[in-house]
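Please read the structure below before turning to the comments.
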Amino acid sequence: MALRIDVLTLFPEMFAPILGTSIPKRAAEKGLVEYHLTNIRDFATDNHKSVDDKPFGGGPGMVMMCQVVYDAVRDVEARDPRPARRIILSPQGVPLDQKIVEQLSQEQRLLLIAGHYEGFDERIIEGLKPMEISIGDYVLSGGELAAMVLIDAVVRLLPGALGAEDGAADETFADGLLEFPQYTRPREFEGMKVPDVLLSGDHKKIAQWRLQQRMLRTQERRPDLWQKYLQEHPDALNEKKKKRRRPPIEFEI
Ligand code: SAM
């Protein structure tokens with residue numbers, strides 16, 4: 001059965017270009033996922049269609065009100081008997097990583113709640129008990145982009161979403177390592193050559209080289225991930241020693 005993703009947002013129109021393009025679109029066409037967008041404002045009950053109000057205690061901005069969000073969640077959840085995993089996008093949430101993405105891709109139903117303005121009345125978190133997820137240590141204007149990041153990452157893991165030619169197995173983070181360097185034609189470009197091993201046709205050697213490159217890259221670029229990997233793969237250092245170390249890669253920002 002298709003994964004059902006409900007999104008509660010004040011700006012449903014923001015989603016069409018992303019969910020209607022590339023892999024999120026193809027996955028829906030293949031029946032792997034269904035997207036249901038609901039405008040939180042539809043649940044406002046006053047003449048002004050208010051969804052937020054000033055914070056108690058003073059301060060700038062507006063806070064999303066409880067009633068409208070509770071009503072929207074209850075209404076949307078009743079549209080399908082499958083229980084939904086409730087998620088609020090928030091800069092204060094647990095940082096999204098590939099492990100969480102994998103777990104979410106196994107759910108039957110996700111309910112994403114995107115905030116705006118100053119965020120949510122705390123009783124929305126307290127009473128609805130959603131998982132709070134952040135996409136990084138910076139503050140966005142709203143949760144819509146964060147919800148789309150999450151959806152894209154989850155949907156590409158659904159079995160059948162990616163063609164065999166661009167599978168997720170060796171990708172960055174798939175097993176705690178970054179991906180190996182990739183090359184395509186031509187064999188030489190402005191004096192830079194494709195490593196000989198990739199042209200050798202020796203699949204065992206290629207696989208070994210790629211694993212070593214993944215380990216080198218991870219160590220150089222993400223020491224935090226490398227330490228975790230070493231804990232889980234104590235033999236990794238022996239594998240890495242088989243290959244001479246390349247100089248660290250420099251980044252330009
Ligand atoms: N006042 C809040 C705070 O300081 O924690 C920030 C509110 S932010 C301006 C408005 C909304 O954007 C949030 O309710 C959340 O849904 C979304 N948002 C902002 N940054 C985010 C992030 N890094 N990850 C996920 N959602 C984020």
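So you can find residues: chains in the structure tokens are A, B, ... in the order shown, residues in each start at 1, and ligands are numbered from 1 in order.
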
What are the closest atom pairs, with distances in Å to one decimal, for each residue of chain A lying within 9 Å of ligand 1, using only C-alpha atoms and all ligand atoms, rows by chain and rising residue number, as a tab-separated table?
```
residue	atom	partner	partner_atom_place_in_ligand_line	distance
A:Gly61	CA	ligand 1	1 (N)	8.4
A:Val63	CA	ligand 1	1 (N)	8.5
A:Met64	CA	ligand 1	14 (O)	8.5
A:Ile88	CA	ligand 1	16 (O)	6.6
A:Leu89	CA	ligand 1	26 (N)	4.1
A:Ser90	CA	ligand 1	26 (N)	3.7
A:Pro91	CA	ligand 1	22 (C)	3.7
A:Gln92	CA	ligand 1	5 (O)	5.7
A:Gly93	CA	ligand 1	24 (N)	7.2
A:Pro95	CA	ligand 1	24 (N)	8.0
A:Leu96	CA	ligand 1	24 (N)	8.6
A:Ile113	CA	ligand 1	16 (O)	7.1
A:Ala114	CA	ligand 1	16 (O)	4.5
A:Gly115	CA	ligand 1	16 (O)	3.4
A:His116	CA	ligand 1	10 (C)	4.0
A:Tyr117	CA	ligand 1	10 (C)	4.9
A:Glu118	CA	ligand 1	1 (N)	4.0
A:Gly119	CA	ligand 1	14 (O)	3.6
A:Phe120	CA	ligand 1	14 (O)	6.0
A:Glu132	CA	ligand 1	25 (C)	8.3
A:Ile133	CA	ligand 1	25 (C)	6.0
A:Ser134	CA	ligand 1	24 (N)	3.5
A:Ile135	CA	ligand 1	24 (N)	4.2
A:Gly136	CA	ligand 1	23 (N)	4.6
A:Asp137	CA	ligand 1	23 (N)	5.5
A:Tyr138	CA	ligand 1	23 (N)	4.9
A:Val139	CA	ligand 1	20 (N)	3.7
A:Leu140	CA	ligand 1	19 (C)	3.8
A:Ser141	CA	ligand 1	9 (C)	4.4
A:Gly142	CA	ligand 1	12 (O)	3.2
A:Gly143	CA	ligand 1	17 (C)	3.5
A:Glu144	CA	ligand 1	17 (C)	7.2
A:Leu145	CA	ligand 1	26 (N)	7.8
A:Ala146	CA	ligand 1	25 (C)	5.0
A:Ala147	CA	ligand 1	25 (C)	7.5
```

Selection to disk with N, CA, C and O atoms, as a short mmCIF file (atom, residue, chain, number, x, y, z; two decimals), in the first residue's frame:
```
data_model
loop_
_atom_site.label_atom_id
_atom_site.label_comp_id
_atom_site.auth_asym_id
_atom_site.auth_seq_id
_atom_site.Cartn_x
_atom_site.Cartn_y
_atom_site.Cartn_z
N GLY A 61 6.13 38.99 17.09
CA GLY A 61 5.61 37.88 16.30
C GLY A 61 4.28 37.33 16.79
O GLY A 61 3.68 37.85 17.74
N VAL A 63 1.89 33.61 17.40
CA VAL A 63 2.02 32.19 17.76
C VAL A 63 0.82 31.43 17.22
O VAL A 63 -0.32 31.88 17.35
N MET A 64 1.06 30.26 16.61
CA MET A 64 -0.04 29.44 16.06
C MET A 64 -0.91 28.95 17.22
O MET A 64 -0.37 28.40 18.20
N ILE A 88 6.18 17.42 13.75
CA ILE A 88 6.19 18.88 13.62
C ILE A 88 7.58 19.30 13.18
O ILE A 88 8.58 18.83 13.74
N LEU A 89 7.65 20.12 12.16
CA LEU A 89 8.94 20.65 11.72
C LEU A 89 9.29 21.82 12.64
O LEU A 89 8.49 22.73 12.80
N SER A 90 10.47 21.75 13.23
CA SER A 90 10.85 22.78 14.21
C SER A 90 12.36 22.87 14.32
O SER A 90 13.04 21.84 14.34
N PRO A 91 12.90 24.09 14.42
CA PRO A 91 14.37 24.19 14.59
C PRO A 91 14.81 23.63 15.93
O PRO A 91 16.01 23.41 16.15
N GLN A 92 13.84 23.38 16.84
CA GLN A 92 14.20 22.82 18.15
C GLN A 92 14.12 21.30 18.17
O GLN A 92 14.31 20.68 19.21
N GLY A 93 13.81 20.70 17.02
CA GLY A 93 13.60 19.25 16.98
C GLY A 93 14.89 18.46 16.89
O GLY A 93 15.98 19.02 16.85
N PRO A 95 17.72 16.57 15.04
CA PRO A 95 18.22 16.81 13.68
C PRO A 95 17.91 15.64 12.75
O PRO A 95 18.16 14.48 13.10
N LEU A 96 17.37 15.94 11.60
CA LEU A 96 17.03 14.89 10.63
C LEU A 96 18.32 14.27 10.09
O LEU A 96 19.24 14.98 9.70
N ILE A 113 3.44 18.68 10.12
CA ILE A 113 2.84 19.97 10.47
C ILE A 113 3.91 21.05 10.33
O ILE A 113 4.94 20.99 11.01
N ALA A 114 3.66 21.96 9.41
CA ALA A 114 4.62 23.02 9.15
C ALA A 114 4.18 24.29 9.86
O ALA A 114 3.05 24.75 9.68
N GLY A 115 5.06 24.86 10.66
CA GLY A 115 4.73 26.08 11.39
C GLY A 115 5.06 27.32 10.58
O GLY A 115 5.65 27.25 9.50
N HIS A 116 4.65 28.46 11.12
CA HIS A 116 5.02 29.74 10.52
C HIS A 116 5.09 30.75 11.64
O HIS A 116 4.80 30.45 12.79
N TYR A 117 5.48 31.97 11.33
CA TYR A 117 5.56 33.04 12.33
C TYR A 117 6.49 32.61 13.47
O TYR A 117 7.54 32.04 13.22
N GLU A 118 6.08 32.82 14.70
CA GLU A 118 6.96 32.50 15.84
C GLU A 118 6.94 31.02 16.21
O GLU A 118 7.65 30.60 17.11
N GLY A 119 6.10 30.25 15.55
CA GLY A 119 6.02 28.83 15.90
C GLY A 119 4.69 28.50 16.56
O GLY A 119 3.70 29.21 16.35
N PHE A 120 4.68 27.42 17.36
CA PHE A 120 3.43 26.87 17.88
C PHE A 120 3.24 27.19 19.36
O PHE A 120 4.21 27.24 20.12
N GLU A 132 9.36 16.02 16.98
CA GLU A 132 9.80 17.32 16.45
C GLU A 132 11.08 17.09 15.66
O GLU A 132 12.04 16.52 16.19
N ILE A 133 11.09 17.54 14.42
CA ILE A 133 12.26 17.31 13.56
C ILE A 133 12.77 18.64 13.01
O ILE A 133 12.01 19.47 12.52
N SER A 134 14.10 18.79 13.10
CA SER A 134 14.76 19.97 12.53
C SER A 134 15.57 19.54 11.31
O SER A 134 16.12 18.45 11.29
N ILE A 135 15.66 20.42 10.31
CA ILE A 135 16.53 20.06 9.18
C ILE A 135 17.88 20.76 9.28
O ILE A 135 18.68 20.69 8.35
N GLY A 136 18.18 21.41 10.39
CA GLY A 136 19.50 22.01 10.54
C GLY A 136 19.48 23.16 11.52
O GLY A 136 18.41 23.67 11.87
N ASP A 137 20.65 23.56 11.94
CA ASP A 137 20.76 24.60 12.96
C ASP A 137 20.72 25.99 12.34
O ASP A 137 21.72 26.72 12.32
N TYR A 138 19.58 26.33 11.80
CA TYR A 138 19.30 27.65 11.27
C TYR A 138 17.79 27.81 11.29
O TYR A 138 17.08 26.81 11.40
N VAL A 139 17.32 29.05 11.22
CA VAL A 139 15.87 29.27 11.34
C VAL A 139 15.29 29.66 9.98
O VAL A 139 15.71 30.64 9.38
N LEU A 140 14.32 28.88 9.54
CA LEU A 140 13.59 29.17 8.30
C LEU A 140 12.37 30.01 8.65
O LEU A 140 11.94 30.04 9.79
N SER A 141 11.78 30.61 7.63
CA SER A 141 10.56 31.40 7.88
C SER A 141 9.37 30.51 8.17
O SER A 141 8.42 30.93 8.83
N GLY A 142 9.41 29.29 7.63
CA GLY A 142 8.28 28.39 7.83
C GLY A 142 8.74 26.95 7.67
O GLY A 142 9.83 26.68 7.16
N GLY A 143 7.86 26.03 8.08
CA GLY A 143 8.23 24.61 8.03
C GLY A 143 8.03 23.95 6.67
O GLY A 143 8.33 22.77 6.50
N GLU A 144 7.54 24.72 5.68
CA GLU A 144 7.23 24.10 4.38
C GLU A 144 8.48 23.52 3.70
O GLU A 144 8.47 22.39 3.23
N LEU A 145 9.53 24.32 3.63
CA LEU A 145 10.74 23.82 2.97
C LEU A 145 11.29 22.61 3.73
O LEU A 145 11.75 21.63 3.13
N ALA A 146 11.22 22.69 5.05
CA ALA A 146 11.70 21.56 5.86
C ALA A 146 10.87 20.30 5.58
O ALA A 146 11.41 19.20 5.44
N ALA A 147 9.56 20.47 5.47
CA ALA A 147 8.69 19.33 5.18
C ALA A 147 9.04 18.74 3.81
O ALA A 147 9.08 17.51 3.64
#
```

Selection near stretch 194-210 of chain A, 7 Å with only C-alpha atoms, sequence-local residues under 6 positions removed, as a list in words = Phe180, Tyr183, Arg187 and Glu188 of chain A

task = Please give the complete set of residues from stretch 8-205 of chain A that DSSP, run on the backbone, assigns to strand (DSSP E), formatted as an NGL selection string.
result = :A and (8-9 or 33-39 or 52-53 or 63-64 or 85-95 or 109-114 or 131-134 or 188-189 or 192-193)

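Remark: for A:Thr172, the closest of the candidate residues A:Ile125, A:Leu150, A:Leu225, A:Leu237 is A:Leu225 (distances computed over only C-alpha atoms).
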
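Atom to atom, atom CA of A:Ala44 and atom CA of A:Val149 stand 27.3 Å apart.
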
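Closest to A:Met148 among A:Gly191, A:Lys228, A:Leu112, A:Phe43 is A:Leu112, based on only C-alpha atoms.
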
request  = Using DSSP on the backbone coordinates, identify all residues within stretch 82-211 of chain A classified as alpha helix (DSSP H); present the result as a ChimeraX atom specification.
outcome  = /A:98-105,122-128,144-155,196-199,203-211

query = Of the candidates A:Glu102, A:Glu171, A:Glu232, A:Asp53, which one gets nearest to A:Gln67 if we count only C-alpha atoms?
reply = A:Asp53

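Proximity to A:Lys49 at 10 Å, evaluated using only C-alpha atoms and with sequence-adjacent residues fewer than 6 positions away removed, yields Ile40, Arg41, Asp42, Phe43 and Val68 of chain A.
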
query = What does the distance between atom CA of A:Ile87 and atom CA of A:Leu110 come to in Å, to one decimal place?
reply = 7.3 Å

I'd like the neighbourhood of stretch 25-27 of chain A as a tab-separated table (two decimals) with N, CA and C atoms, in the first residue's frame, where a residue qualifies if any of its atoms comes within 9 Å (using only C-alpha atoms), though same-chain residues fewer than 5 positions away should be ignored.
```tsv
chain	number	residue	atom	x	y	z
A	18	ILE	N	7.65	21.05	-6.11
A	18	ILE	CA	8.58	20.01	-5.64
A	18	ILE	C	7.96	18.63	-5.75
A	19	LEU	N	6.71	18.50	-5.28
A	19	LEU	CA	6.08	17.17	-5.32
A	19	LEU	C	5.68	16.79	-6.75
A	20	GLY	N	5.65	17.79	-7.63
A	20	GLY	CA	5.28	17.52	-9.03
A	20	GLY	C	6.48	17.41	-9.95
A	32	LEU	N	3.45	4.61	-5.18
A	32	LEU	CA	4.23	4.30	-3.98
A	32	LEU	C	3.91	5.25	-2.84
A	33	VAL	N	3.41	6.44	-3.19
A	33	VAL	CA	3.15	7.46	-2.17
A	33	VAL	C	1.96	8.30	-2.61
A	34	GLU	N	1.22	8.81	-1.61
A	34	GLU	CA	0.11	9.76	-1.90
A	34	GLU	C	0.38	11.00	-1.08
A	155	VAL	N	10.85	9.68	0.37
A	155	VAL	CA	10.21	9.06	-0.80
A	155	VAL	C	11.23	8.32	-1.66
A	156	ARG	N	12.45	8.86	-1.76
A	156	ARG	CA	13.42	8.19	-2.64
A	156	ARG	C	13.87	6.84	-2.07
A	158	LEU	N	11.61	4.67	-0.82
A	158	LEU	CA	10.52	3.69	-0.97
A	158	LEU	C	10.90	2.69	-2.06
A	160	GLY	N	11.33	0.82	-5.19
A	160	GLY	CA	10.83	1.09	-6.53
A	160	GLY	C	10.87	2.55	-6.92
A	161	ALA	N	11.16	3.45	-5.96
A	161	ALA	CA	11.15	4.88	-6.28
A	161	ALA	C	12.32	5.26	-7.18
A	162	LEU	N	13.46	4.66	-6.92
A	162	LEU	CA	14.64	4.94	-7.75
A	162	LEU	C	14.79	3.83	-8.76
```

inquiry  = Could you list, as a list in words, every residue within 12 Å of A:Asp175, counting only C-alpha atoms and ignoring same-chain residues fewer than 6 positions away?
reply    = Gln98, Lys99, Glu102, Ala168, Ala169, Leu211, Arg214, Met215, Thr218, Leu225, Trp226, Lys228, Tyr229, Leu230, Glu232 and His233 of chain A
